[in-house]
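A.B. asks: Dropping in run-v2.tsv, with TSV, N, CA and C atoms and all ligand atoms.
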chain	number	residue	atom	x	y	z
A	332	MET	N	-10.81	4.63	-68.19
A	332	MET	CA	-12.21	5.07	-68.24
A	332	MET	C	-13.12	3.86	-68.51
A	333	THR	N	-14.20	3.76	-67.74
A	333	THR	CA	-15.09	2.61	-67.91
A	333	THR	C	-15.91	2.73	-69.20
A	334	ASN	N	-16.43	1.59	-69.65
A	334	ASN	CA	-17.22	1.58	-70.89
A	334	ASN	C	-18.49	2.40	-70.77
A	335	ARG	N	-19.06	2.47	-69.54
A	335	ARG	CA	-20.26	3.28	-69.35
A	335	ARG	C	-19.98	4.75	-69.65
A	336	TYR	N	-18.83	5.24	-69.18
A	336	TYR	CA	-18.45	6.63	-69.44
A	336	TYR	C	-18.18	6.83	-70.93
A	337	ARG	N	-17.42	5.89	-71.51
A	337	ARG	CA	-17.10	5.98	-72.93
A	337	ARG	C	-18.37	6.04	-73.78
A	338	ALA	N	-19.34	5.20	-73.44
A	338	ALA	CA	-20.59	5.14	-74.21
A	338	ALA	C	-21.36	6.46	-74.05
A	339	TRP	N	-21.39	7.00	-72.83
A	339	TRP	CA	-22.10	8.27	-72.60
A	339	TRP	C	-21.48	9.37	-73.44
A	340	ILE	N	-20.13	9.44	-73.43
A	340	ILE	CA	-19.41	10.49	-74.16
A	340	ILE	C	-19.67	10.36	-75.66
A	341	SER	N	-19.65	9.13	-76.15
A	341	SER	CA	-19.85	8.93	-77.58
A	341	SER	C	-21.27	9.35	-78.00
A	342	THR	N	-22.27	9.03	-77.18
A	342	THR	CA	-23.64	9.49	-77.45
A	342	THR	C	-23.73	11.01	-77.39
A	343	TYR	N	-23.08	11.58	-76.36
A	343	TYR	CA	-23.07	13.03	-76.20
A	343	TYR	C	-22.48	13.72	-77.43
A	344	LEU	N	-21.31	13.22	-77.87
A	344	LEU	CA	-20.62	13.85	-79.00
A	344	LEU	C	-21.41	13.74	-80.29
A	345	SER	N	-22.12	12.61	-80.47
A	345	SER	CA	-22.90	12.49	-81.71
A	345	SER	C	-24.11	13.44	-81.65
A	346	ARG	N	-24.54	13.82	-80.46
A	346	ARG	CA	-25.65	14.77	-80.34
A	346	ARG	C	-25.19	16.21	-80.54
A	347	VAL	N	-24.07	16.63	-79.87
A	347	VAL	CA	-23.66	18.04	-79.95
A	347	VAL	C	-22.75	18.35	-81.12
A	348	GLY	N	-22.14	17.31	-81.70
A	348	GLY	CA	-21.19	17.58	-82.79
A	348	GLY	C	-19.87	18.07	-82.25
A	349	ASP	N	-19.57	19.34	-82.50
A	349	ASP	CA	-18.29	19.90	-82.09
A	349	ASP	C	-18.28	20.19	-80.58
A	350	PRO	N	-17.36	19.57	-79.82
A	350	PRO	CA	-17.34	19.80	-78.37
A	350	PRO	C	-16.58	21.07	-77.97
A	351	LEU	N	-16.16	21.86	-78.95
A	351	LEU	CA	-15.38	23.07	-78.66
A	351	LEU	C	-16.15	23.99	-77.71
A	352	GLN	N	-15.51	24.35	-76.61
A	352	GLN	CA	-16.07	25.25	-75.59
A	352	GLN	C	-17.36	24.73	-74.97
A	353	GLN	N	-17.57	23.42	-74.99
A	353	GLN	CA	-18.75	22.82	-74.37
A	353	GLN	C	-18.40	22.18	-73.03
A	354	CYS	N	-17.17	22.37	-72.55
A	354	CYS	CA	-16.72	21.60	-71.38
A	354	CYS	C	-17.57	21.86	-70.14
A	355	GLU	N	-17.96	23.12	-69.90
A	355	GLU	CA	-18.71	23.43	-68.69
A	355	GLU	C	-20.07	22.72	-68.72
A	356	ALA	N	-20.80	22.87	-69.83
A	356	ALA	CA	-22.12	22.25	-69.97
A	356	ALA	C	-22.02	20.73	-70.00
A	357	ALA	N	-21.04	20.21	-70.72
A	357	ALA	CA	-20.91	18.75	-70.87
A	357	ALA	C	-20.62	18.08	-69.52
A	358	THR	N	-19.75	18.71	-68.70
A	358	THR	CA	-19.42	18.10	-67.41
A	358	THR	C	-20.62	18.15	-66.47
A	359	LEU	N	-21.41	19.24	-66.54
A	359	LEU	CA	-22.63	19.32	-65.72
A	359	LEU	C	-23.59	18.20	-66.08
A	360	GLU	N	-23.77	18.01	-67.39
A	360	GLU	CA	-24.70	17.00	-67.86
A	360	GLU	C	-24.21	15.59	-67.52
A	361	MET	N	-22.91	15.37	-67.70
A	361	MET	CA	-22.39	14.03	-67.42
A	361	MET	C	-22.40	13.72	-65.93
A	362	GLN	N	-22.22	14.75	-65.12
A	362	GLN	CA	-22.25	14.52	-63.68
A	362	GLN	C	-23.67	14.18	-63.20
A	363	GLN	N	-24.68	14.74	-63.91
A	363	GLN	CA	-26.05	14.37	-63.56
A	363	GLN	C	-26.30	12.90	-63.86
A	364	ALA	N	-25.70	12.41	-64.95
A	364	ALA	CA	-25.85	11.00	-65.32
A	364	ALA	C	-25.05	10.10	-64.39
A	365	PHE	N	-23.90	10.60	-63.91
A	365	PHE	CA	-23.01	9.81	-63.04
A	365	PHE	C	-22.64	10.67	-61.82
A	366	PRO	N	-23.54	10.72	-60.82
A	366	PRO	CA	-23.32	11.63	-59.68
A	366	PRO	C	-22.05	11.36	-58.88
A	367	LYS	N	-21.45	10.18	-59.05
A	367	LYS	CA	-20.23	9.91	-58.29
A	367	LYS	C	-19.00	10.59	-58.88
A	368	LEU	N	-19.14	11.06	-60.11
A	368	LEU	CA	-18.01	11.78	-60.71
A	368	LEU	C	-17.92	13.17	-60.09
A	369	ARG	N	-16.70	13.62	-59.89
A	369	ARG	CA	-16.47	14.95	-59.31
A	369	ARG	C	-16.11	15.92	-60.45
A	370	ARG	N	-16.76	17.10	-60.46
A	370	ARG	CA	-16.46	18.11	-61.48
A	370	ARG	C	-15.25	18.91	-61.06
A	371	VAL	N	-14.35	19.14	-62.00
A	371	VAL	CA	-13.11	19.85	-61.71
A	371	VAL	C	-12.94	20.98	-62.71
A	372	ARG	N	-12.56	22.15	-62.19
A	372	ARG	CA	-12.24	23.27	-63.07
A	372	ARG	C	-10.74	23.53	-62.98
A	373	GLY	N	-10.15	23.86	-64.12
A	373	GLY	CA	-8.72	24.14	-64.12
A	373	GLY	C	-8.27	24.54	-65.50
A	374	THR	N	-7.07	24.14	-65.84
A	374	THR	CA	-6.55	24.43	-67.17
A	374	THR	C	-5.95	23.16	-67.77
A	375	VAL	N	-5.91	23.12	-69.10
A	375	VAL	CA	-5.20	22.05	-69.80
A	375	VAL	C	-4.18	22.67	-70.75
A	376	ARG	N	-3.12	21.94	-70.95
A	376	ARG	CA	-2.13	22.29	-71.96
A	376	ARG	C	-2.05	21.14	-72.94
A	377	MET	N	-2.01	21.48	-74.23
A	377	MET	CA	-1.80	20.45	-75.25
A	377	MET	C	-0.30	20.21	-75.33
A	378	LEU	N	0.11	18.97	-75.03
A	378	LEU	CA	1.55	18.68	-74.99
A	378	LEU	C	2.12	18.53	-76.38
A	379	ALA	N	1.25	18.26	-77.36
A	379	ALA	CA	1.73	18.13	-78.73
A	379	ALA	C	0.81	18.91	-79.66
A	380	ALA	N	0.61	20.19	-79.34
A	380	ALA	CA	-0.28	21.01	-80.15
A	380	ALA	C	0.25	21.12	-81.57
A	381	PRO	N	-0.65	21.02	-82.58
A	381	PRO	CA	-0.20	21.08	-83.98
A	381	PRO	C	0.59	22.36	-84.29
A	382	ASP	N	0.21	23.49	-83.66
A	382	ASP	CA	0.93	24.74	-83.93
A	382	ASP	C	1.99	25.03	-82.88
A	383	GLY	N	2.27	24.05	-82.00
A	383	GLY	CA	3.31	24.23	-81.00
A	383	GLY	C	2.91	25.11	-79.84
A	384	ASP	N	1.64	25.53	-79.80
A	384	ASP	CA	1.17	26.41	-78.74
A	384	ASP	C	0.84	25.58	-77.49
A	385	THR	N	1.65	25.73	-76.45
A	385	THR	CA	1.42	24.94	-75.23
A	385	THR	C	0.82	25.80	-74.11
A	386	SER	N	0.10	26.88	-74.48
A	386	SER	CA	-0.54	27.72	-73.46
A	386	SER	C	-1.58	26.91	-72.69
A	387	ALA	N	-1.85	27.36	-71.47
A	387	ALA	CA	-2.89	26.74	-70.66
A	387	ALA	C	-4.24	27.33	-71.03
A	388	TRP	N	-5.23	26.45	-71.24
A	388	TRP	CA	-6.59	26.89	-71.58
A	388	TRP	C	-7.53	26.54	-70.43
A	389	PRO	N	-8.43	27.45	-70.05
A	389	PRO	CA	-9.41	27.13	-69.01
A	389	PRO	C	-10.27	25.95	-69.46
A	390	HIS	N	-10.57	25.03	-68.55
A	390	HIS	CA	-11.27	23.81	-68.95
A	390	HIS	C	-12.00	23.21	-67.75
A	391	TRP	N	-13.05	22.46	-68.03
A	391	TRP	CA	-13.77	21.66	-67.03
A	391	TRP	C	-13.64	20.20	-67.41
A	392	TRP	N	-13.50	19.32	-66.41
A	392	TRP	CA	-13.52	17.88	-66.66
A	392	TRP	C	-14.06	17.19	-65.41
A	393	LEU	N	-14.09	15.86	-65.43
A	393	LEU	CA	-14.58	15.10	-64.29
A	393	LEU	C	-13.50	14.13	-63.85
A	394	VAL	N	-13.56	13.71	-62.59
A	394	VAL	CA	-12.67	12.64	-62.13
A	394	VAL	C	-13.51	11.60	-61.40
A	395	ASP	N	-13.09	10.31	-61.55
A	395	ASP	CA	-13.80	9.25	-60.84
A	395	ASP	C	-13.24	9.11	-59.42
A	396	GLN	N	-13.75	8.11	-58.69
A	396	GLN	CA	-13.35	7.97	-57.28
A	396	GLN	C	-11.87	7.63	-57.13
A	397	ASP	N	-11.25	7.11	-58.20
A	397	ASP	CA	-9.81	6.81	-58.16
A	397	ASP	C	-8.98	7.95	-58.73
A	398	GLU	N	-9.63	9.12	-58.87
A	398	GLU	CA	-8.95	10.31	-59.40
A	398	GLU	C	-8.50	10.15	-60.85
A	399	HIS	N	-9.13	9.22	-61.59
A	399	HIS	CA	-8.86	9.10	-63.02
A	399	HIS	C	-9.68	10.15	-63.76
A	400	ILE	N	-9.06	10.76	-64.76
A	400	ILE	CA	-9.74	11.82	-65.50
A	400	ILE	C	-10.76	11.25	-66.47
A	401	VAL	N	-11.97	11.81	-66.42
A	401	VAL	CA	-13.04	11.47	-67.37
A	401	VAL	C	-13.42	12.81	-68.01
A	402	ASP	N	-12.96	13.00	-69.25
A	402	ASP	CA	-13.11	14.31	-69.88
A	402	ASP	C	-14.00	14.20	-71.11
A	403	PRO	N	-15.30	14.58	-70.99
A	403	PRO	CA	-16.22	14.39	-72.12
A	403	PRO	C	-15.89	15.23	-73.35
A	404	THR	N	-15.14	16.33	-73.20
A	404	THR	CA	-14.84	17.15	-74.37
A	404	THR	C	-13.35	17.17	-74.70
A	405	ALA	N	-12.63	16.14	-74.27
A	405	ALA	CA	-11.18	16.08	-74.54
A	405	ALA	C	-10.88	16.10	-76.04
A	406	SER	N	-11.85	15.63	-76.85
A	406	SER	CA	-11.57	15.53	-78.29
A	406	SER	C	-11.46	16.90	-78.96
A	407	GLN	N	-11.80	18.00	-78.24
A	407	GLN	CA	-11.59	19.33	-78.83
A	407	GLN	C	-10.11	19.71	-78.85
A	408	PHE	N	-9.31	19.00	-78.04
A	408	PHE	CA	-7.87	19.26	-77.98
A	408	PHE	C	-7.12	18.07	-78.57
A	409	PRO	N	-6.37	18.29	-79.65
A	409	PRO	CA	-5.63	17.16	-80.21
A	409	PRO	C	-4.45	16.75	-79.34
A	410	GLY	N	-4.20	15.43	-79.29
A	410	GLY	CA	-3.01	14.92	-78.62
A	410	GLY	C	-3.13	14.83	-77.12
A	411	PRO	N	-2.03	14.44	-76.46
A	411	PRO	CA	-2.05	14.28	-75.00
A	411	PRO	C	-2.19	15.61	-74.28
A	412	LEU	N	-2.84	15.57	-73.10
A	412	LEU	CA	-3.13	16.78	-72.35
A	412	LEU	C	-2.51	16.73	-70.96
A	413	ASP	N	-2.12	17.89	-70.50
A	413	ASP	CA	-1.63	18.06	-69.14
A	413	ASP	C	-2.71	18.82	-68.38
A	414	TYR	N	-3.34	18.17	-67.39
A	414	TYR	CA	-4.43	18.78	-66.63
A	414	TYR	C	-3.88	19.44	-65.37
A	415	PHE	N	-4.36	20.63	-65.09
A	415	PHE	CA	-3.99	21.30	-63.86
A	415	PHE	C	-5.26	21.75	-63.14
A	416	GLU	N	-5.51	21.13	-61.99
A	416	GLU	CA	-6.73	21.44	-61.24
A	416	GLU	C	-6.57	22.77	-60.51
A	417	MET	N	-7.60	23.62	-60.68
A	417	MET	CA	-7.55	24.93	-60.04
A	417	MET	C	-8.05	24.84	-58.62
A	418	ASP	N	-7.49	25.66	-57.77
A	418	ASP	CA	-7.96	25.80	-56.41
A	418	ASP	C	-9.21	26.68	-56.44
A	419	GLU	N	-10.36	26.13	-56.00
A	419	GLU	CA	-11.62	26.89	-56.06
A	419	GLU	C	-11.54	28.18	-55.24
A	420	ASP	N	-10.65	28.21	-54.24
A	420	ASP	CA	-10.50	29.42	-53.43
A	420	ASP	C	-9.60	30.45	-54.11
A	421	ASP	N	-8.98	30.04	-55.22
A	421	ASP	CA	-8.06	30.95	-55.92
A	421	ASP	C	-8.31	30.83	-57.43
A	422	PRO	N	-9.49	31.31	-57.87
A	422	PRO	CA	-9.90	31.08	-59.26
A	422	PRO	C	-9.10	31.89	-60.29
A	423	ILE	N	-9.19	31.46	-61.53
A	423	ILE	CA	-8.61	32.21	-62.64
A	423	ILE	C	-9.40	33.50	-62.80
A	424	VAL	N	-8.71	34.63	-62.87
A	424	VAL	CA	-9.41	35.91	-62.96
A	424	VAL	C	-9.07	36.70	-64.23
A	425	GLY	N	-8.08	36.24	-64.99
A	425	GLY	CA	-7.76	37.00	-66.18
A	425	GLY	C	-6.65	36.37	-66.99
A	426	ARG	N	-6.27	37.09	-68.05
A	426	ARG	CA	-5.23	36.62	-68.95
A	426	ARG	C	-4.15	37.69	-68.99
A	427	CYS	N	-2.90	37.27	-68.85
A	427	CYS	CA	-1.77	38.19	-68.71
A	427	CYS	C	-1.60	39.08	-69.94
A	428	HIS	N	-1.50	40.40	-69.72
A	428	HIS	CA	-1.27	41.34	-70.82
A	428	HIS	C	0.07	41.08	-71.47
A	429	ASN	N	1.02	40.55	-70.71
A	429	ASN	CA	2.38	40.39	-71.22
A	429	ASN	C	2.61	39.06	-71.93
A	430	CYS	N	2.32	37.94	-71.25
A	430	CYS	CA	2.67	36.64	-71.83
A	430	CYS	C	1.45	35.86	-72.32
A	431	GLY	N	0.22	36.31	-71.98
A	431	GLY	CA	-0.97	35.64	-72.50
A	431	GLY	C	-1.44	34.46	-71.67
A	432	GLU	N	-0.73	34.10	-70.60
A	432	GLU	CA	-1.16	32.99	-69.75
A	432	GLU	C	-2.35	33.44	-68.89
A	433	TYR	N	-3.22	32.48	-68.55
A	433	TYR	CA	-4.29	32.77	-67.59
A	433	TYR	C	-3.69	32.83	-66.19
A	434	PHE	N	-4.21	33.70	-65.34
A	434	PHE	CA	-3.69	33.78	-63.99
A	434	PHE	C	-4.80	33.76	-62.95
A	435	THR	N	-4.44	33.32	-61.75
A	435	THR	CA	-5.40	33.23	-60.65
A	435	THR	C	-5.39	34.53	-59.85
A	436	ARG	N	-6.37	34.64	-58.94
A	436	ARG	CA	-6.49	35.85	-58.14
A	436	ARG	C	-5.21	36.14	-57.36
A	437	SER	N	-4.61	35.08	-56.78
A	437	SER	CA	-3.43	35.32	-55.95
A	437	SER	C	-2.19	35.66	-56.79
A	438	GLN	N	-2.17	35.22	-58.06
A	438	GLN	CA	-1.03	35.54	-58.93
A	438	GLN	C	-1.12	36.94	-59.51
A	439	ALA	N	-2.35	37.47	-59.62
A	439	ALA	CA	-2.61	38.70	-60.35
A	439	ALA	C	-1.73	39.85	-59.89
A	440	CYS	N	-1.15	40.55	-60.86
A	440	CYS	CA	-0.32	41.71	-60.56
A	440	CYS	C	-0.50	42.72	-61.69
A	441	GLN	N	-1.28	43.75	-61.45
A	441	GLN	CA	-1.53	44.81	-62.43
A	441	GLN	C	-1.91	44.27	-63.81
A	442	GLY	N	-2.86	43.35	-63.83
A	442	GLY	CA	-3.34	42.80	-65.09
A	442	GLY	C	-2.41	41.77	-65.71
A	443	CYS	N	-1.39	41.35	-64.95
A	443	CYS	CA	-0.45	40.35	-65.45
A	443	CYS	C	-0.42	39.14	-64.51
A	444	CYS	N	0.31	38.09	-64.94
A	444	CYS	CA	0.33	36.83	-64.20
A	444	CYS	C	1.37	36.82	-63.08
A	445	SER	N	2.27	37.80	-63.08
A	445	SER	CA	3.35	37.82	-62.09
A	445	SER	C	3.94	39.23	-62.04
A	446	ARG	N	4.72	39.47	-60.99
A	446	ARG	CA	5.39	40.76	-60.88
A	446	ARG	C	6.35	40.96	-62.06
A	447	ALA	N	7.05	39.86	-62.45
A	447	ALA	CA	8.01	39.95	-63.57
A	447	ALA	C	7.30	40.39	-64.85
A	448	CYS	N	6.14	39.79	-65.13
A	448	CYS	CA	5.39	40.16	-66.34
A	448	CYS	C	4.87	41.59	-66.23
A	449	ALA	N	4.42	41.98	-65.03
A	449	ALA	CA	3.90	43.34	-64.83
A	449	ALA	C	5.02	44.35	-65.08
A	450	THR	N	6.23	44.06	-64.62
A	450	THR	CA	7.37	44.95	-64.82
A	450	THR	C	7.71	45.06	-66.31
A	451	GLU	N	7.74	43.88	-66.97
A	451	GLU	CA	8.07	43.86	-68.40
A	451	GLU	C	7.02	44.63	-69.21
A	452	TYR	N	5.75	44.39	-68.86
A	452	TYR	CA	4.68	45.06	-69.59
A	452	TYR	C	4.70	46.57	-69.32
A	453	GLY	N	5.03	46.96	-68.07
A	453	GLY	CA	5.17	48.37	-67.72
A	453	GLY	C	6.24	49.05	-68.54
A	454	SER	N	7.41	48.39	-68.69
A	454	SER	CA	8.49	49.01	-69.48
A	454	SER	C	8.10	49.09	-70.95
A	455	TYR	N	7.38	48.07	-71.41
A	455	TYR	CA	6.91	48.11	-72.81
A	455	TYR	C	6.02	49.33	-73.03
A	456	LEU	N	5.06	49.53	-72.11
A	456	LEU	CA	4.16	50.68	-72.24
A	456	LEU	C	4.94	51.99	-72.15
A	457	ASN	N	5.90	52.05	-71.23
A	457	ASN	CA	6.69	53.27	-71.08
A	457	ASN	C	7.52	53.57	-72.31
A	458	SER	N	8.13	52.52	-72.91
A	458	SER	CA	8.95	52.74	-74.10
A	458	SER	C	8.09	53.27	-75.24
A	459	PHE	N	6.87	52.76	-75.32
A	459	PHE	CA	5.94	53.21	-76.35
A	459	PHE	C	5.61	54.69	-76.16
A	460	ARG	N	5.37	55.04	-74.88
A	460	ARG	CA	5.05	56.42	-74.54
A	460	ARG	C	6.18	57.35	-74.96
A	461	HIS	N	7.45	56.93	-74.68
A	461	HIS	CA	8.60	57.80	-74.98
A	461	HIS	C	8.79	58.00	-76.48
A	462	THR	N	8.53	56.94	-77.26
A	462	THR	CA	8.78	57.06	-78.69
A	462	THR	C	7.78	58.03	-79.33
A	463	ARG	N	6.65	58.24	-78.66
A	463	ARG	CA	5.65	59.13	-79.25
A	463	ARG	C	5.88	60.59	-78.87
A	464	GLU	N	6.76	60.82	-77.88
A	464	GLU	CA	6.94	62.20	-77.42
A	464	GLU	C	7.86	62.97	-78.36
B	501	ZN	ZN	2.59	36.79	-67.75
Spell out the structure here as C-alpha cells.
C.D. replies:
Amino acid sequence: MTNRYRAWISTYLSRVGDPLQQCEAATLEMQQAFPKLRRVRGTVRMLAAPDGDTSAWPHWWLVDQDEHIVDPTASQFPGPLDYFEMDEDDPIVGRCHNCGEYFTRSQACQGCCSRACATEYGSYLNSFRHTRE
C-alpha cells in the first residue's frame, strides 16, 4: 500500500474513530479521493480471530491497479484476513439458518446456503415438531 493511501486511512480513522461497520461509507469516500481505486464487495474471514470464529463477514474494500488490497477499515478485524470478492451478478442475499454462513443468490436453498444445509435444517425443524406432538 502506498504512503498516500496509508496517510488517507490514518486521517480517516482519526476522524471516525471506530471503523466497525463503516466499510461501505469509507470505501466510497476513499474512492472519491483516489478514483483509480476499484471498489470491491465481498466477504472477509479472520484467519486468527481471537474467539476462533472464522465465519465470512460481508465487507467492502478497494483494490489498486495491481490488484493489491487497500482496505480503509481493515483495523476493525484483528489479525490477517482472507478476502473473497463477490460476483456482482450473484450477490449475497442472506445468512444460512443452519450454519450461519452468508450465501449468494445462486447458492440459496430454502433460506440456507446449500441443499445439504437445507436438508439438515429441515430435519431439525421436523424433529422439533415431532417432540411436541
Ligand atoms: Zn449453511
A.B. asks: Once you count only C-alpha atoms and all ligand atoms, what closest atom pair and distance in Å to one decimal does each residue of chain A within 9 Å of ligand ZN 501 (chain B) have, with rows by chain and rising residue number, as CSV?
C.D. replies:
residue,atom,partner,partner_atom,distance
A:Arg426,CA,B:ZN501,ZN,7.9
A:Cys427,CA,B:ZN501,ZN,4.7
A:His428,CA,B:ZN501,ZN,6.7
A:Asn429,CA,B:ZN501,ZN,5.0
A:Cys430,CA,B:ZN501,ZN,4.1
A:Gly431,CA,B:ZN501,ZN,6.0
A:Glu432,CA,B:ZN501,ZN,5.7
A:Tyr433,CA,B:ZN501,ZN,8.0
A:Phe434,CA,B:ZN501,ZN,7.9
A:Gly442,CA,B:ZN501,ZN,8.9
A:Cys443,CA,B:ZN501,ZN,5.2
A:Cys444,CA,B:ZN501,ZN,4.2
A:Ser445,CA,B:ZN501,ZN,5.8
A:Arg446,CA,B:ZN501,ZN,8.4
A:Ala447,CA,B:ZN501,ZN,7.5
A:Cys448,CA,B:ZN501,ZN,4.6
A:Ala449,CA,B:ZN501,ZN,7.3
A:Glu451,CA,B:ZN501,ZN,9.0
A:Tyr452,CA,B:ZN501,ZN,8.7
A.B. asks: Quick one: of A:Tyr343, A:Leu456, A:Gln353, A:Arg372, who's nearest to Glu419 (chain A), counting only N, CA and C atoms?
C.D. replies: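 Closest candidate: A:Arg372.
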A.B. asks: Find the residues near region 399-414 of chain A: any atom within 5 Å, counting all atoms listed in the file, skip ones fewer than 3 places away on the same chain, and give them as a PDB file with N, CA and C atoms, keeping the file's coordinate frame.
C.D. replies:
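Saved result, around.pdb, follows:
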ATOM      1  N   THR A 374      -7.070  24.140 -65.840  1.00  0.00           N
ATOM      2  CA  THR A 374      -6.550  24.430 -67.170  1.00  0.00           C
ATOM      3  C   THR A 374      -5.950  23.160 -67.770  1.00  0.00           C
ATOM      4  N   VAL A 375      -5.910  23.120 -69.100  1.00  0.00           N
ATOM      5  CA  VAL A 375      -5.200  22.050 -69.800  1.00  0.00           C
ATOM      6  C   VAL A 375      -4.180  22.670 -70.750  1.00  0.00           C
ATOM      7  N   ARG A 376      -3.120  21.940 -70.950  1.00  0.00           N
ATOM      8  CA  ARG A 376      -2.130  22.290 -71.960  1.00  0.00           C
ATOM      9  C   ARG A 376      -2.050  21.140 -72.940  1.00  0.00           C
ATOM     10  N   MET A 377      -2.010  21.480 -74.230  1.00  0.00           N
ATOM     11  CA  MET A 377      -1.800  20.450 -75.250  1.00  0.00           C
ATOM     12  C   MET A 377      -0.300  20.210 -75.330  1.00  0.00           C
ATOM     13  N   LEU A 378       0.110  18.970 -75.030  1.00  0.00           N
ATOM     14  CA  LEU A 378       1.550  18.680 -74.990  1.00  0.00           C
ATOM     15  C   LEU A 378       2.120  18.530 -76.380  1.00  0.00           C
ATOM     16  N   TRP A 392     -13.500  19.320 -66.410  1.00  0.00           N
ATOM     17  CA  TRP A 392     -13.520  17.880 -66.660  1.00  0.00           C
ATOM     18  C   TRP A 392     -14.060  17.190 -65.410  1.00  0.00           C
ATOM     19  N   LEU A 393     -14.090  15.860 -65.430  1.00  0.00           N
ATOM     20  CA  LEU A 393     -14.580  15.100 -64.290  1.00  0.00           C
ATOM     21  C   LEU A 393     -13.500  14.130 -63.850  1.00  0.00           C
ATOM     22  N   VAL A 394     -13.560  13.710 -62.590  1.00  0.00           N
ATOM     23  CA  VAL A 394     -12.670  12.640 -62.130  1.00  0.00           C
ATOM     24  C   VAL A 394     -13.510  11.600 -61.400  1.00  0.00           C
ATOM     25  N   ASP A 395     -13.090  10.310 -61.550  1.00  0.00           N
ATOM     26  CA  ASP A 395     -13.800   9.250 -60.840  1.00  0.00           C
ATOM     27  C   ASP A 395     -13.240   9.110 -59.420  1.00  0.00           C
TER      28      ASP A 395
END
A.B. asks: Rank A:Gly383, A:Met417, A:Arg337, A:Pro350 by their smallest atom-to-atom distance to Val371 (chain A), using all atoms listed in the file, and report the top residue only.
C.D. replies: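 Using all atoms listed in the file, the shortest distance to Val371 (chain A) belongs to A:Met417.
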A.B. asks: Would you return as number ranges by chain the members of chain A that DSSP assigns to strand (DSSP E) on this structure's backbone?
C.D. replies: A: 369-377, 387-394, 400-401, 412-416, 423-426, 433-435
A.B. asks: What is the atom C of Phe365 (chain A) to CA of Asp349 (chain A) distance in Å?
C.D. replies: 22.7 Å
A.B. asks: Pick from A:Ala356, A:Ala379, A:Ala439, A:Ala338: nearest to Trp391 (chain A), with all atoms listed in the file counted?
C.D. replies: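 Result for the nearest residue to Trp391 (chain A): A:Ala356.
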A.B. asks: Just save region 353-369 of chain A with N, CA and C atoms, as a PDB file, in the first residue's frame.
C.D. replies:
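Just written: out-v6.pdb:
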ATOM      1  N   GLN A 353     -18.149   0.495   9.007  1.00  0.00           N
ATOM      2  CA  GLN A 353     -18.029   1.714   8.204  1.00  0.00           C
ATOM      3  C   GLN A 353     -17.473   1.405   6.816  1.00  0.00           C
ATOM      4  N   CYS A 354     -17.329   0.115   6.474  1.00  0.00           N
ATOM      5  CA  CYS A 354     -16.603  -0.232   5.246  1.00  0.00           C
ATOM      6  C   CYS A 354     -17.262   0.338   3.995  1.00  0.00           C
ATOM      7  N   GLU A 355     -18.596   0.304   3.918  1.00  0.00           N
ATOM      8  CA  GLU A 355     -19.272   0.774   2.712  1.00  0.00           C
ATOM      9  C   GLU A 355     -19.027   2.275   2.514  1.00  0.00           C
ATOM     10  N   ALA A 356     -19.260   3.059   3.574  1.00  0.00           N
ATOM     11  CA  ALA A 356     -19.070   4.513   3.502  1.00  0.00           C
ATOM     12  C   ALA A 356     -17.596   4.874   3.306  1.00  0.00           C
ATOM     13  N   ALA A 357     -16.715   4.195   4.020  1.00  0.00           N
ATOM     14  CA  ALA A 357     -15.285   4.517   3.951  1.00  0.00           C
ATOM     15  C   ALA A 357     -14.725   4.266   2.548  1.00  0.00           C
ATOM     16  N   THR A 358     -15.146   3.155   1.912  1.00  0.00           N
ATOM     17  CA  THR A 358     -14.619   2.858   0.577  1.00  0.00           C
ATOM     18  C   THR A 358     -15.156   3.856  -0.449  1.00  0.00           C
ATOM     19  N   LEU A 359     -16.426   4.298  -0.275  1.00  0.00           N
ATOM     20  CA  LEU A 359     -16.978   5.319  -1.176  1.00  0.00           C
ATOM     21  C   LEU A 359     -16.175   6.608  -1.074  1.00  0.00           C
ATOM     22  N   GLU A 360     -15.895   7.001   0.177  1.00  0.00           N
ATOM     23  CA  GLU A 360     -15.174   8.238   0.404  1.00  0.00           C
ATOM     24  C   GLU A 360     -13.737   8.153  -0.110  1.00  0.00           C
ATOM     25  N   MET A 361     -13.102   7.005   0.143  1.00  0.00           N
ATOM     26  CA  MET A 361     -11.709   6.873  -0.290  1.00  0.00           C
ATOM     27  C   MET A 361     -11.606   6.792  -1.809  1.00  0.00           C
ATOM     28  N   GLN A 362     -12.616   6.207  -2.429  1.00  0.00           N
ATOM     29  CA  GLN A 362     -12.582   6.122  -3.891  1.00  0.00           C
ATOM     30  C   GLN A 362     -12.756   7.504  -4.534  1.00  0.00           C
ATOM     31  N   GLN A 363     -13.515   8.385  -3.832  1.00  0.00           N
ATOM     32  CA  GLN A 363     -13.634   9.751  -4.349  1.00  0.00           C
ATOM     33  C   GLN A 363     -12.289  10.460  -4.304  1.00  0.00           C
ATOM     34  N   ALA A 364     -11.510  10.181  -3.252  1.00  0.00           N
ATOM     35  CA  ALA A 364     -10.186  10.786  -3.115  1.00  0.00           C
ATOM     36  C   ALA A 364      -9.195  10.172  -4.108  1.00  0.00           C
ATOM     37  N   PHE A 365      -9.367   8.874  -4.402  1.00  0.00           N
ATOM     38  CA  PHE A 365      -8.457   8.158  -5.308  1.00  0.00           C
ATOM     39  C   PHE A 365      -9.292   7.398  -6.347  1.00  0.00           C
ATOM     40  N   PRO A 366      -9.741   8.108  -7.398  1.00  0.00           N
ATOM     41  CA  PRO A 366     -10.673   7.484  -8.359  1.00  0.00           C
ATOM     42  C   PRO A 366     -10.118   6.258  -9.080  1.00  0.00           C
ATOM     43  N   LYS A 367      -8.800   6.065  -9.045  1.00  0.00           N
ATOM     44  CA  LYS A 367      -8.250   4.895  -9.737  1.00  0.00           C
ATOM     45  C   LYS A 367      -8.442   3.605  -8.946  1.00  0.00           C
ATOM     46  N   LEU A 368      -8.779   3.748  -7.674  1.00  0.00           N
ATOM     47  CA  LEU A 368      -9.035   2.544  -6.873  1.00  0.00           C
ATOM     48  C   LEU A 368     -10.390   1.965  -7.266  1.00  0.00           C
ATOM     49  N   ARG A 369     -10.458   0.657  -7.292  1.00  0.00           N
ATOM     50  CA  ARG A 369     -11.716  -0.027  -7.634  1.00  0.00           C
ATOM     51  C   ARG A 369     -12.376  -0.510  -6.339  1.00  0.00           C
TER      52      ARG A 369
END
